[in-house]
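Since the structure comes first, as structure tokens, the remarks are kept for the end.
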Amino acid sequence: MTDIQAGTELPPLELKPISRTTLALFAGASGDHNPMHIDLDVARSAGLDDVFAHGMLSMAYLGRLLTNWVPQGQIRSYRVRFAAITPIHGKPTCTGKVVSVEEGVATLELAVTLADGTTTLTGDAVVEIDGERLDTHGKA
């Protein structure tokens with residue numbers, strides 16, 4: 001088993017490009033039917049070229065990065081800051097890195113970045129680490 005220490009990187013979560021179907025499904029699942037995310041005419045009337053992804057969709061993807069690495073019950077805190085919109089067809093990649101380990105918990109810095117290098121979401125999390133339940137590949 002590999003020790004979790006400052007500098008340990010979580011396996012990145014690379015996602016498919018955001019499609020209109022993804023946005024419609026997320027709107028239904030989340031209850032967020034803001035037309036800026038699903039109606040091209042509304043987006044254009046606001047001066048945008050097209051619709052864009054819900055910020056909470058990116059947050060959900062980042063949450064998946066965490067739960068791929070540790071069981072949900074080991075997450076002690078999770079915070080994000082929205083930095084930029086994710087355009088339709090944007091291809092997000094979620095990353096995480098351990099910045100410190102202290103008394104059985106790891107503090108991580110997190111990010112969602114698009115293929116063009118734009119960071120759309122940053123955040124941090126504190127997770128309980130348990131050597132018997134976790135390795136650096138998220139497998140027990």
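Residue numbering restarts at 1 for every chain of the structure tokens, chains are lettered A, B, ... in their displayed order, and ligands are numbered from 1 as they appear.
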
Could you give me, as a tab-separated table, a per-residue list for stretch 84-131 of chain A showing, wherever an atom lies at most 12 Å from an atom of stretch 40-49 of chain A, the closest pair of atoms and their distance in Å to one decimal, using only C-alpha atoms and sorting by chain then residue number from low to high?
residue	atom	partner	partner_atom	distance
A:Ile85	CA	A:Leu48	CA	11.3
A:Pro87	CA	A:Asp49	CA	9.3
A:Ile88	CA	A:Asp49	CA	9.8

Export N, CA and C atoms of the chosen residues as a compact mmCIF listing (two decimals), in the first residue's frame?
# COMPACT_ATOMS: atom_id res chain seq x y z
N ILE A 85 -17.18 29.86 -16.73
CA ILE A 85 -18.23 28.98 -17.22
C ILE A 85 -17.63 27.84 -18.03
N PRO A 87 -18.35 25.97 -21.32
CA PRO A 87 -19.18 26.09 -22.52
C PRO A 87 -19.66 24.72 -23.00
N ILE A 88 -20.72 24.76 -23.76
CA ILE A 88 -21.18 23.54 -24.41
C ILE A 88 -20.01 22.97 -25.21

Q: Please identify all polymer residues within 12 Å of A:Gly28, counting only C-alpha atoms, omitting same-chain residues fewer than 6 positions from it, and present them as a PyMOL selection string.
A: chain A and resi 21-22+34+37-38+54+57

Considering only C-alpha atoms, return as a PDB file with N, CA and C atoms, in the first residue's frame whatever protein or nucleic-acid residues lie within 8 Å of A:Leu108, sequence-local ones (same chain, fewer than 3 positions apart) excluded.
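Generated file (result_33.pdb):
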ATOM      1  N   GLY A  96      -6.996  16.474  -8.350  1.00  0.00           N
ATOM      2  CA  GLY A  96      -6.858  16.719  -6.928  1.00  0.00           C
ATOM      3  C   GLY A  96      -5.460  16.362  -6.467  1.00  0.00           C
ATOM      4  N   LYS A  97      -5.017  17.054  -5.441  1.00  0.00           N
ATOM      5  CA  LYS A  97      -3.672  16.835  -4.914  1.00  0.00           C
ATOM      6  C   LYS A  97      -3.705  17.018  -3.406  1.00  0.00           C
ATOM      7  N   VAL A  98      -3.072  16.101  -2.703  1.00  0.00           N
ATOM      8  CA  VAL A  98      -2.965  16.203  -1.250  1.00  0.00           C
ATOM      9  C   VAL A  98      -1.967  17.309  -0.928  1.00  0.00           C
ATOM     10  N   VAL A  99      -2.380  18.263  -0.091  1.00  0.00           N
ATOM     11  CA  VAL A  99      -1.470  19.338   0.303  1.00  0.00           C
ATOM     12  C   VAL A  99      -0.934  19.141   1.718  1.00  0.00           C
ATOM     13  N   SER A 100      -1.660  18.361   2.529  1.00  0.00           N
ATOM     14  CA  SER A 100      -1.151  18.054   3.864  1.00  0.00           C
ATOM     15  C   SER A 100      -1.874  16.835   4.426  1.00  0.00           C
ATOM     16  N   ASP A 124     -11.410  22.766  -2.308  1.00  0.00           N
ATOM     17  CA  ASP A 124     -10.613  21.985  -1.377  1.00  0.00           C
ATOM     18  C   ASP A 124     -11.519  20.995  -0.668  1.00  0.00           C
ATOM     19  N   ALA A 125     -10.901  20.006  -0.099  1.00  0.00           N
ATOM     20  CA  ALA A 125     -11.639  18.990   0.654  1.00  0.00           C
ATOM     21  C   ALA A 125     -10.749  18.480   1.774  1.00  0.00           C
ATOM     22  N   VAL A 126     -11.391  18.014   2.815  1.00  0.00           N
ATOM     23  CA  VAL A 126     -10.709  17.332   3.904  1.00  0.00           C
ATOM     24  C   VAL A 126     -11.319  15.943   3.977  1.00  0.00           C
ATOM     25  N   VAL A 127     -10.461  14.927   3.907  1.00  0.00           N
ATOM     26  CA  VAL A 127     -10.937  13.544   3.934  1.00  0.00           C
ATOM     27  C   VAL A 127     -10.192  12.752   4.996  1.00  0.00           C
TER      28      VAL A 127
END

Q: Within chain A, find each residue whose DSSP state, derived from the backbone, is strand (DSSP E), and express the selection as a ChimeraX atom specification.
A: /A:13-14,75-82,92-102,105-114,119-128

Keeping only N, CA and C atoms, take the residues you just selected and write them out as a tab-separated table (two decimals), in the first residue's frame.
chain	number	residue	atom	x	y	z
A	13	LEU	N	-9.98	12.62	-13.28
A	13	LEU	CA	-11.26	12.19	-13.86
A	13	LEU	C	-11.45	12.98	-15.14
A	14	GLU	N	-11.29	12.30	-16.27
A	14	GLU	CA	-11.44	12.94	-17.58
A	14	GLU	C	-12.83	12.64	-18.08
A	75	ILE	N	-15.44	11.78	3.60
A	75	ILE	CA	-15.31	13.19	3.25
A	75	ILE	C	-15.82	14.02	4.42
A	76	ARG	N	-14.94	14.84	4.97
A	76	ARG	CA	-15.28	15.67	6.13
A	76	ARG	C	-15.73	17.07	5.72
A	77	SER	N	-15.16	17.60	4.66
A	77	SER	CA	-15.60	18.90	4.13
A	77	SER	C	-15.25	18.96	2.64
A	78	TYR	N	-16.00	19.78	1.93
A	78	TYR	CA	-15.83	19.93	0.49
A	78	TYR	C	-16.36	21.31	0.12
A	79	ARG	N	-15.48	22.15	-0.43
A	79	ARG	CA	-15.85	23.51	-0.81
A	79	ARG	C	-15.33	23.81	-2.20
A	80	VAL	N	-16.08	24.64	-2.93
A	80	VAL	CA	-15.62	25.05	-4.27
A	80	VAL	C	-15.83	26.54	-4.47
A	81	ARG	N	-15.12	27.05	-5.47
A	81	ARG	CA	-15.28	28.42	-5.94
A	81	ARG	C	-15.41	28.35	-7.47
A	82	PHE	N	-16.46	28.96	-7.97
A	82	PHE	CA	-16.68	28.97	-9.41
A	82	PHE	C	-15.79	30.04	-10.03
A	92	PRO	N	-14.22	18.78	-19.56
A	92	PRO	CA	-13.62	18.98	-18.24
A	92	PRO	C	-12.74	17.81	-17.78
A	93	THR	N	-11.71	18.16	-17.05
A	93	THR	CA	-10.88	17.18	-16.35
A	93	THR	C	-10.80	17.63	-14.90
A	94	CYS	N	-11.09	16.71	-13.99
A	94	CYS	CA	-11.04	17.00	-12.56
A	94	CYS	C	-9.73	16.45	-11.99
A	95	THR	N	-9.08	17.26	-11.17
A	95	THR	CA	-7.82	16.86	-10.56
A	95	THR	C	-7.82	17.19	-9.07
A	96	GLY	N	-7.00	16.47	-8.35
A	96	GLY	CA	-6.86	16.72	-6.93
A	96	GLY	C	-5.46	16.36	-6.47
A	97	LYS	N	-5.02	17.05	-5.44
A	97	LYS	CA	-3.67	16.83	-4.91
A	97	LYS	C	-3.71	17.02	-3.41
A	98	VAL	N	-3.07	16.10	-2.70
A	98	VAL	CA	-2.97	16.20	-1.25
A	98	VAL	C	-1.97	17.31	-0.93
A	99	VAL	N	-2.38	18.26	-0.09
A	99	VAL	CA	-1.47	19.34	0.30
A	99	VAL	C	-0.93	19.14	1.72
A	100	SER	N	-1.66	18.36	2.53
A	100	SER	CA	-1.15	18.05	3.86
A	100	SER	C	-1.87	16.83	4.43
A	101	VAL	N	-1.18	16.15	5.33
A	101	VAL	CA	-1.75	15.03	6.06
A	101	VAL	C	-1.43	15.24	7.53
A	102	GLU	N	-2.47	15.18	8.35
A	102	GLU	CA	-2.29	15.44	9.76
A	102	GLU	C	-3.35	14.67	10.56
A	105	VAL	N	-6.15	12.73	8.68
A	105	VAL	CA	-6.94	13.39	7.65
A	105	VAL	C	-6.02	14.05	6.63
A	106	ALA	N	-6.48	14.08	5.41
A	106	ALA	CA	-5.73	14.71	4.33
A	106	ALA	C	-6.52	15.93	3.84
A	107	THR	N	-5.80	17.00	3.58
A	107	THR	CA	-6.39	18.19	2.98
A	107	THR	C	-5.97	18.20	1.52
A	108	LEU	N	-6.95	18.38	0.64
A	108	LEU	CA	-6.69	18.33	-0.80
A	108	LEU	C	-7.04	19.64	-1.45
A	109	GLU	N	-6.31	19.98	-2.51
A	109	GLU	CA	-6.72	21.07	-3.38
A	109	GLU	C	-7.28	20.43	-4.65
A	110	LEU	N	-8.34	21.00	-5.18
A	110	LEU	CA	-9.09	20.41	-6.28
A	110	LEU	C	-9.28	21.44	-7.39
A	111	ALA	N	-9.46	20.94	-8.61
A	111	ALA	CA	-9.72	21.85	-9.74
A	111	ALA	C	-10.44	21.10	-10.86
A	112	VAL	N	-11.20	21.87	-11.61
A	112	VAL	CA	-11.77	21.40	-12.87
A	112	VAL	C	-11.19	22.31	-13.95
A	113	THR	N	-10.59	21.69	-14.96
A	113	THR	CA	-9.91	22.43	-16.02
A	113	THR	C	-10.41	21.92	-17.37
A	114	LEU	N	-10.56	22.83	-18.31
A	114	LEU	CA	-10.96	22.46	-19.67
A	114	LEU	C	-9.74	22.15	-20.52
A	119	THR	N	-9.42	27.10	-16.09
A	119	THR	CA	-9.88	26.51	-14.84
A	119	THR	C	-11.27	27.05	-14.56
A	120	THR	N	-12.24	26.16	-14.45
A	120	THR	CA	-13.62	26.58	-14.25
A	120	THR	C	-14.05	26.50	-12.79
A	121	LEU	N	-13.37	25.68	-12.02
A	121	LEU	CA	-13.75	25.47	-10.63
A	121	LEU	C	-12.50	25.14	-9.83
A	122	THR	N	-12.37	25.73	-8.66
A	122	THR	CA	-11.31	25.35	-7.74
A	122	THR	C	-11.96	25.02	-6.41
A	123	GLY	N	-11.26	24.28	-5.60
A	123	GLY	CA	-11.83	23.94	-4.31
A	123	GLY	C	-10.86	23.21	-3.42
A	124	ASP	N	-11.41	22.77	-2.31
A	124	ASP	CA	-10.61	21.98	-1.38
A	124	ASP	C	-11.52	20.99	-0.67
A	125	ALA	N	-10.90	20.01	-0.10
A	125	ALA	CA	-11.64	18.99	0.65
A	125	ALA	C	-10.75	18.48	1.77
A	126	VAL	N	-11.39	18.01	2.82
A	126	VAL	CA	-10.71	17.33	3.90
A	126	VAL	C	-11.32	15.94	3.98
A	127	VAL	N	-10.46	14.93	3.91
A	127	VAL	CA	-10.94	13.54	3.93
A	127	VAL	C	-10.19	12.75	5.00
A	128	GLU	N	-10.92	11.85	5.61
A	128	GLU	CA	-10.32	10.91	6.54
A	128	GLU	C	-9.59	9.87	5.71

Q. How many Å separate atom CA of A:Ala27 from atom CA of A:Asp116?
A. 25.4 Å

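Considering only C-alpha atoms, the residue among A:Ala53, A:Gln5, A:Asp39, A:Gln72 positioned nearest to A:Leu23 is A:Ala53.
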